[in-house]
Amino acid sequence: MRQPTKGAGVQRMAQEKRQQAVRLGLKRANTSAEGLDQQIVRYLEVASMGRLERWQKGIDLDLVKVEYSQRVLGHLNSMTNLMKMRRSSGNKFKKLYEFDFQNLMRKSDYVLAVNTTRTALEYASAQDSEFAAQAEKALAEYNQERLHFDAKMIAFNN
């Protein structure tokens with residue numbers, strides 16, 4: 001004998017877990033994008049200082065570059081996971097999550113398009129071969145997910 005209320009309860013729990021995972025993914029990616037946006041300002045300030053000024057203030061430009069590149073790598077991973085979640089849920093989040101996701105994509109595009117992001121990743125990759133491998137893998141996965149996302153957006157807009 002079938003008991004539909006139990007099945008409905010299980011389905012509701014699965015939906016709630018998915019929504020919680022989406023909320024957590026959005027929060028993580030948004031936090032990392034905002035952190036990168038703030039760190040760009042610090043990076044540019046430090047980069048514009050002379051060597052003497054950095055020495056007087058005890059700031060290591062190389063360390064700032066490496067920290068920034070590690071944050072970029074974390075952001076790439078969180079965005080990749082979020083795009084995978086979106087693709088697995090039918091290429092669209094429910095309710096306001098889709099709106100938040102679209103805004104996050106724009107914010108992420110801005111952060112990743114800044115020239116300092118590329119130079120910091122190149123610097124950190126040249127310093128550490130393990131980091132270079134991680135960055136290459138993260139960029140490949142991000143680009144693959146981004147291609148899926150862009151293809152769906154182009155098809156949607158036509």
# chains A, B, ... in the order shown; residues from 1 in each chain; ligands from 1
>>> residues_around(residues="A:Ala135", least_positions_apart="5", cutoff="10 Å", atoms="only C-alpha atoms", output="mmCIF file with C-alpha atoms, in the first residue's frame")
data_model
loop_
_atom_site.group_PDB
_atom_site.id
_atom_site.type_symbol
_atom_site.label_atom_id
_atom_site.label_comp_id
_atom_site.auth_asym_id
_atom_site.auth_seq_id
_atom_site.Cartn_x
_atom_site.Cartn_y
_atom_site.Cartn_z
ATOM 1 C CA SER A 69 45.820 34.921 -5.793
ATOM 2 C CA GLN A 70 44.801 32.345 -3.177
ATOM 3 C CA VAL A 72 40.978 34.362 -6.359
ATOM 4 C CA LEU A 73 41.436 30.603 -6.502
ATOM 5 C CA GLY A 74 38.914 30.147 -3.679
ATOM 6 C CA LEU A 76 36.861 30.492 -8.719
ATOM 7 C CA ASN A 77 36.132 27.232 -6.909
ATOM 8 C CA LEU A 121 47.728 34.524 -10.508
ATOM 9 C CA GLU A 122 50.675 34.477 -12.903
ATOM 10 C CA ALA A 124 51.835 33.035 -7.621
ATOM 11 C CA SER A 125 51.917 30.296 -10.257
ATOM 12 C CA SER A 129 54.252 24.818 -9.003
ATOM 13 C CA GLU A 130 51.625 23.171 -6.785
ATOM 14 C CA ALA A 140 39.689 24.964 -16.585
ATOM 15 C CA GLU A 141 36.685 23.893 -14.495
#
>>> closest_residue(among="A:Arg42, A:Met79, A:Glu16, A:Lys92", to="A:Glu67", atoms="only C-alpha atoms")
A:Arg42
>>> select_by_dssp(residues="stretch 50-131 of chain A", states="helix (DSSP H, G or I)", output="PyMOL selection string")
chain A and resi 51-57+61-88+96-113+115-127+129-131
>>> closest_residue(among="A:Ser89, A:Phe149, A:Leu112, A:Phe131", to="A:Gln15", atoms="only C-alpha atoms")
A:Ser89
>>> atom_distance(atom1="atom CA of A:Asn30", atom2="atom CA of A:Leu44")
21.4 Å
